[in-house]
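Shown next, in structure tokens, is the structure this report addresses.
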Amino acid sequence: MSLKKAGIIIFLVLLIDQISKFYIKTNFALGDEIRVFEWFRILFVENEGMAWGAKIPGEYGKLFLTLFRLLAIVGIGYWLWDSVRKNGSRILITSIALIFAGAFGNIIDSVFYGITFNNSYGQIASFMPEEGGYGTLFHGKVVDMLYFPLWEGNLPDWVPFWGGNYFTFFEPVFNIADSAISIGVILLLLFNKRAFPAEESGGKQSGKKEKASA
């Protein structure tokens, strides 16, 4: 698979991701919700930190996280380029391209959204407002909107830890970029042997040599 085809995957994911986030940010106030189905809703939330809403405490926590993401995307980009250079399998390059696109999509939010949008608390945000954005460079919040509460209700008392409590499955709210990352990782896990055929064949050959020498 060529670098050009990987680039097309990255471009399409980024395009869909950023269009969806721009639409949500300029048409929804924070917390607004549309129920498409009972099990699928468009719910506007903003993620200030890492996955699952976790945060790095302190004044420079957000800046550290954004810089870490920038370093990570450089590493993923090199992994993609090196895999193409070594004629890696199609499934491997597709997976890395999806992971790269997803990580890059969320980096755009973290780096630029603080200066390109005003806040969404009780109002619909404006793009490039005259009074300035809600934050500074590298201090943007990631826009999430896809919510799949597949089941909601009180768990039976016999369920360990959560028994008797109200429970929602699946509770996290995510975006297109998150989906791309998850799909890329799942593809690598499910098709590991097809993703890394050279390593597998190399291991078999070395094993045969060891038996022959014995």
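Please note that chains go A, B, ... in the order of the structure tokens, that every chain numbers its residues from 1, and that ligands are numbered from 1 in the order shown.
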Please provide the set of residues having any atom within 10 Å of Ala101 of chain A, restricted to only C-alpha atoms, with same-chain residues fewer than 4 positions apart removed, written as a list of chain:residue names. A:Ala6, A:Gly7, A:Ile9, A:Ile10, A:Phe11, A:Leu12, A:Val13, A:Leu14, A:Leu15, A:Asp17, A:Ile73, A:Ile76, A:Gly77, A:Ser95, A:Ile96, A:Ala97, A:Gly105, A:Asn106, A:Ile107, A:Ile176, A:Ala177, A:Asp178, A:Ala180, A:Ile181, A:Gly184
DSSP on the backbone: what in segment 43-199 of chain A comes out strand (DSSP E), as an MDAnalysis selection string? chainID A and resid 43:47 142:147 151:154 166:169 173:174
With N, CA and C atoms retained, export the selected residues as a PDB file, in the first residue's frame.
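This is the output file selection-v6.pdb:
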ATOM      1  N   LEU A  43     -24.750  14.104  21.546  1.00  0.00           N
ATOM      2  CA  LEU A  43     -24.637  14.824  22.818  1.00  0.00           C
ATOM      3  C   LEU A  43     -23.328  15.611  22.821  1.00  0.00           C
ATOM      4  N   PHE A  44     -23.417  16.915  22.928  1.00  0.00           N
ATOM      5  CA  PHE A  44     -22.225  17.759  22.875  1.00  0.00           C
ATOM      6  C   PHE A  44     -21.568  17.873  24.242  1.00  0.00           C
ATOM      7  N   VAL A  45     -20.368  17.333  24.334  1.00  0.00           N
ATOM      8  CA  VAL A  45     -19.540  17.507  25.521  1.00  0.00           C
ATOM      9  C   VAL A  45     -18.141  17.884  25.058  1.00  0.00           C
ATOM     10  N   GLU A  46     -17.343  18.420  25.977  1.00  0.00           N
ATOM     11  CA  GLU A  46     -15.956  18.758  25.675  1.00  0.00           C
ATOM     12  C   GLU A  46     -15.046  18.049  26.654  1.00  0.00           C
ATOM     13  N   ASN A  47     -14.009  17.462  26.118  1.00  0.00           N
ATOM     14  CA  ASN A  47     -13.048  16.711  26.912  1.00  0.00           C
ATOM     15  C   ASN A  47     -11.817  17.582  27.153  1.00  0.00           C
ATOM     16  N   VAL A 142     -11.219  19.080  23.427  1.00  0.00           N
ATOM     17  CA  VAL A 142     -11.624  18.163  22.370  1.00  0.00           C
ATOM     18  C   VAL A 142     -13.151  18.053  22.346  1.00  0.00           C
ATOM     19  N   VAL A 143     -13.738  18.207  21.172  1.00  0.00           N
ATOM     20  CA  VAL A 143     -15.192  18.136  21.008  1.00  0.00           C
ATOM     21  C   VAL A 143     -15.631  16.689  20.809  1.00  0.00           C
ATOM     22  N   ASP A 144     -16.564  16.230  21.634  1.00  0.00           N
ATOM     23  CA  ASP A 144     -17.143  14.891  21.527  1.00  0.00           C
ATOM     24  C   ASP A 144     -18.636  15.001  21.326  1.00  0.00           C
ATOM     25  N   MET A 145     -19.204  14.021  20.610  1.00  0.00           N
ATOM     26  CA  MET A 145     -20.645  14.122  20.342  1.00  0.00           C
ATOM     27  C   MET A 145     -21.357  12.785  20.133  1.00  0.00           C
ATOM     28  N   LEU A 146     -20.668  11.694  19.947  1.00  0.00           N
ATOM     29  CA  LEU A 146     -21.306  10.407  19.666  1.00  0.00           C
ATOM     30  C   LEU A 146     -21.542   9.654  20.972  1.00  0.00           C
ATOM     31  N   TYR A 147     -22.795   9.350  21.247  1.00  0.00           N
ATOM     32  CA  TYR A 147     -23.173   8.739  22.527  1.00  0.00           C
ATOM     33  C   TYR A 147     -24.078   7.545  22.262  1.00  0.00           C
ATOM     34  N   TRP A 151     -27.749   0.416  26.953  1.00  0.00           N
ATOM     35  CA  TRP A 151     -28.648  -0.074  28.015  1.00  0.00           C
ATOM     36  C   TRP A 151     -28.517   0.823  29.230  1.00  0.00           C
ATOM     37  N   GLU A 152     -29.651   1.164  29.826  1.00  0.00           N
ATOM     38  CA  GLU A 152     -29.672   1.971  31.043  1.00  0.00           C
ATOM     39  C   GLU A 152     -30.664   1.363  32.026  1.00  0.00           C
ATOM     40  N   GLY A 153     -30.288   1.320  33.280  1.00  0.00           N
ATOM     41  CA  GLY A 153     -31.201   0.807  34.289  1.00  0.00           C
ATOM     42  C   GLY A 153     -30.483   0.450  35.574  1.00  0.00           C
ATOM     43  N   ASN A 154     -31.245  -0.005  36.563  1.00  0.00           N
ATOM     44  CA  ASN A 154     -30.677  -0.426  37.842  1.00  0.00           C
ATOM     45  C   ASN A 154     -30.196  -1.869  37.750  1.00  0.00           C
ATOM     46  N   TYR A 166     -27.683   2.564  39.495  1.00  0.00           N
ATOM     47  CA  TYR A 166     -28.084   2.874  38.122  1.00  0.00           C
ATOM     48  C   TYR A 166     -26.844   2.792  37.237  1.00  0.00           C
ATOM     49  N   PHE A 167     -26.970   2.138  36.104  1.00  0.00           N
ATOM     50  CA  PHE A 167     -25.798   1.868  35.263  1.00  0.00           C
ATOM     51  C   PHE A 167     -26.147   2.128  33.799  1.00  0.00           C
ATOM     52  N   THR A 168     -25.184   2.698  33.072  1.00  0.00           N
ATOM     53  CA  THR A 168     -25.347   2.949  31.640  1.00  0.00           C
ATOM     54  C   THR A 168     -24.258   2.225  30.862  1.00  0.00           C
ATOM     55  N   PHE A 169     -24.659   1.477  29.864  1.00  0.00           N
ATOM     56  CA  PHE A 169     -23.715   0.807  28.972  1.00  0.00           C
ATOM     57  C   PHE A 169     -24.131   1.127  27.522  1.00  0.00           C
ATOM     58  N   VAL A 173     -18.723   9.327  25.779  1.00  0.00           N
ATOM     59  CA  VAL A 173     -19.076  10.115  24.595  1.00  0.00           C
ATOM     60  C   VAL A 173     -17.773  10.333  23.817  1.00  0.00           C
ATOM     61  N   PHE A 174     -17.809  10.108  22.506  1.00  0.00           N
ATOM     62  CA  PHE A 174     -16.569  10.159  21.720  1.00  0.00           C
ATOM     63  C   PHE A 174     -16.811  10.856  20.400  1.00  0.00           C
TER      64      PHE A 174
END
What residues in segment 4-207 of chain A get the DSSP label helix (DSSP H, G or I)? Please answer as number ranges by chain. A: 4-27, 51-53, 61-85, 90-116, 176-190, 192-195, 197-207
I need the residues from that last selection saved to file as an mmCIF file, in the first residue's frame (with C-alpha atoms), if you can.
data_model
loop_
_atom_site.group_PDB
_atom_site.id
_atom_site.type_symbol
_atom_site.label_atom_id
_atom_site.label_comp_id
_atom_site.auth_asym_id
_atom_site.auth_seq_id
_atom_site.Cartn_x
_atom_site.Cartn_y
_atom_site.Cartn_z
ATOM 1 C CA LYS A 4 -0.492 8.265 -1.205
ATOM 2 C CA LYS A 5 -3.338 5.856 -0.403
ATOM 3 C CA ALA A 6 -2.549 6.134 3.315
ATOM 4 C CA GLY A 7 -2.672 9.899 2.905
ATOM 5 C CA ILE A 8 -6.138 9.661 1.342
ATOM 6 C CA ILE A 9 -7.385 7.682 4.375
ATOM 7 C CA ILE A 10 -5.895 10.283 6.722
ATOM 8 C CA PHE A 11 -7.384 13.170 4.751
ATOM 9 C CA LEU A 12 -10.890 11.664 4.670
ATOM 10 C CA VAL A 13 -10.900 10.870 8.394
ATOM 11 C CA LEU A 14 -9.649 14.360 9.271
ATOM 12 C CA LEU A 15 -12.192 15.974 6.948
ATOM 13 C CA ILE A 16 -15.169 14.098 8.428
ATOM 14 C CA ASP A 17 -13.862 14.576 11.968
ATOM 15 C CA GLN A 18 -13.338 18.317 11.698
ATOM 16 C CA ILE A 19 -16.568 18.986 9.791
ATOM 17 C CA SER A 20 -18.559 17.119 12.439
ATOM 18 C CA LYS A 21 -16.816 18.986 15.274
ATOM 19 C CA PHE A 22 -17.232 22.368 13.569
ATOM 20 C CA TYR A 23 -20.946 21.686 13.049
ATOM 21 C CA ILE A 24 -21.467 20.644 16.668
ATOM 22 C CA LYS A 25 -19.481 23.557 18.050
ATOM 23 C CA THR A 26 -21.382 26.141 15.964
ATOM 24 C CA ASN A 27 -24.878 24.644 16.331
ATOM 25 C CA ALA A 51 -9.461 9.523 27.420
ATOM 26 C CA TRP A 52 -12.420 8.814 29.706
ATOM 27 C CA GLY A 53 -12.330 12.430 30.893
ATOM 28 C CA GLY A 61 -1.200 19.776 32.989
ATOM 29 C CA LYS A 62 -3.119 20.592 29.814
ATOM 30 C CA LEU A 63 -0.028 21.996 28.092
ATOM 31 C CA PHE A 64 1.984 18.897 29.002
ATOM 32 C CA LEU A 65 -0.747 16.635 27.589
ATOM 33 C CA THR A 66 -0.925 18.559 24.308
ATOM 34 C CA LEU A 67 2.860 18.511 23.878
ATOM 35 C CA PHE A 68 2.870 14.778 24.623
ATOM 36 C CA ARG A 69 0.247 14.266 21.917
ATOM 37 C CA LEU A 70 2.396 16.218 19.450
ATOM 38 C CA LEU A 71 5.399 14.004 20.196
ATOM 39 C CA ALA A 72 3.239 10.899 19.888
ATOM 40 C CA ILE A 73 1.921 11.932 16.470
ATOM 41 C CA VAL A 74 5.501 12.349 15.240
ATOM 42 C CA GLY A 75 6.261 8.796 16.362
ATOM 43 C CA ILE A 76 3.117 7.422 14.702
ATOM 44 C CA GLY A 77 3.943 9.330 11.523
ATOM 45 C CA TYR A 78 7.412 7.791 11.424
ATOM 46 C CA TRP A 79 5.920 4.338 12.030
ATOM 47 C CA LEU A 80 3.612 4.879 9.048
ATOM 48 C CA TRP A 81 6.389 6.121 6.773
ATOM 49 C CA ASP A 82 8.712 3.271 7.789
ATOM 50 C CA SER A 83 5.984 0.658 7.252
ATOM 51 C CA VAL A 84 5.314 1.961 3.738
ATOM 52 C CA ARG A 85 9.058 2.054 3.009
ATOM 53 C CA ARG A 90 -2.125 -3.369 3.638
ATOM 54 C CA ILE A 91 -3.862 -4.041 6.957
ATOM 55 C CA LEU A 92 -0.878 -2.656 8.901
ATOM 56 C CA ILE A 93 -0.622 0.562 6.896
ATOM 57 C CA THR A 94 -4.396 1.087 6.959
ATOM 58 C CA SER A 95 -4.446 0.626 10.732
ATOM 59 C CA ILE A 96 -1.570 3.047 11.327
ATOM 60 C CA ALA A 97 -3.164 5.598 8.987
ATOM 61 C CA LEU A 98 -6.408 5.421 10.989
ATOM 62 C CA ILE A 99 -4.554 5.796 14.294
ATOM 63 C CA PHE A 100 -2.523 8.717 12.916
ATOM 64 C CA ALA A 101 -5.620 10.471 11.557
ATOM 65 C CA GLY A 102 -7.509 10.024 14.819
ATOM 66 C CA ALA A 103 -4.644 11.314 16.934
ATOM 67 C CA PHE A 104 -4.114 14.249 14.578
ATOM 68 C CA GLY A 105 -7.811 15.125 14.626
ATOM 69 C CA ASN A 106 -7.865 15.465 18.405
ATOM 70 C CA ILE A 107 -4.575 17.382 18.363
ATOM 71 C CA ILE A 108 -6.192 20.021 16.130
ATOM 72 C CA ASP A 109 -8.813 20.563 18.845
ATOM 73 C CA SER A 110 -6.232 20.713 21.634
ATOM 74 C CA VAL A 111 -3.946 23.131 19.828
ATOM 75 C CA PHE A 112 -6.319 25.496 17.994
ATOM 76 C CA TYR A 113 -9.893 25.345 19.321
ATOM 77 C CA GLY A 114 -9.080 27.521 22.328
ATOM 78 C CA ILE A 115 -8.241 30.452 20.053
ATOM 79 C CA THR A 116 -10.721 29.817 17.211
ATOM 80 C CA ILE A 176 -14.881 10.422 14.744
ATOM 81 C CA ALA A 177 -11.180 10.731 15.624
ATOM 82 C CA ASP A 178 -11.620 8.440 18.629
ATOM 83 C CA SER A 179 -13.467 5.965 16.410
ATOM 84 C CA ALA A 180 -10.615 5.943 13.887
ATOM 85 C CA ILE A 181 -8.067 5.237 16.616
ATOM 86 C CA SER A 182 -10.206 2.431 18.066
ATOM 87 C CA ILE A 183 -10.793 0.840 14.649
ATOM 88 C CA GLY A 184 -7.076 0.984 13.870
ATOM 89 C CA VAL A 185 -6.142 -0.705 17.151
ATOM 90 C CA ILE A 186 -8.877 -3.343 16.789
ATOM 91 C CA LEU A 187 -7.696 -4.175 13.259
ATOM 92 C CA LEU A 188 -4.151 -4.709 14.540
ATOM 93 C CA LEU A 189 -5.408 -6.988 17.310
ATOM 94 C CA LEU A 190 -7.781 -9.026 15.146
ATOM 95 C CA ASN A 192 -2.141 -9.406 13.915
ATOM 96 C CA LYS A 193 -0.694 -12.216 11.781
ATOM 97 C CA ARG A 194 -1.675 -10.474 8.554
ATOM 98 C CA ALA A 195 -0.440 -7.106 9.826
ATOM 99 C CA PRO A 197 3.686 -11.307 8.265
ATOM 100 C CA ALA A 198 7.415 -10.597 7.913
ATOM 101 C CA GLU A 199 8.060 -10.875 11.645
ATOM 102 C CA GLU A 200 6.093 -14.108 11.842
ATOM 103 C CA SER A 201 7.870 -15.759 8.900
ATOM 104 C CA GLY A 202 11.214 -14.588 10.255
ATOM 105 C CA GLY A 203 10.490 -16.239 13.570
ATOM 106 C CA LYS A 204 9.588 -19.519 11.884
ATOM 107 C CA GLN A 205 12.746 -19.521 9.794
ATOM 108 C CA SER A 206 14.971 -18.889 12.828
ATOM 109 C CA GLY A 207 13.199 -21.702 14.639
#
Record the distance separating atom CA of Glu171 of chain A and atom CA of Pro156 of chain A, expressed in Å with one decimal. 18.5 Å
Please report the interatomic distance between atom CA of Phe117 of chain A and atom CA of Leu137 of chain A in Å with one decimal. 11.5 Å
Report the distance between atom CA of Asp157 of chain A and atom CA of Phe40 of chain A in Å, rounded to one decimal place.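 Going from atom CA of Asp157 of chain A over to atom CA of Phe40 of chain A, I get 27.2 Å.
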Point out the residue among A:Pro149, A:Gly163, A:Gly88, A:Pro129 with the least atom-to-atom distance to Trp39 of chain A, counting only C-alpha atoms. A:Pro149
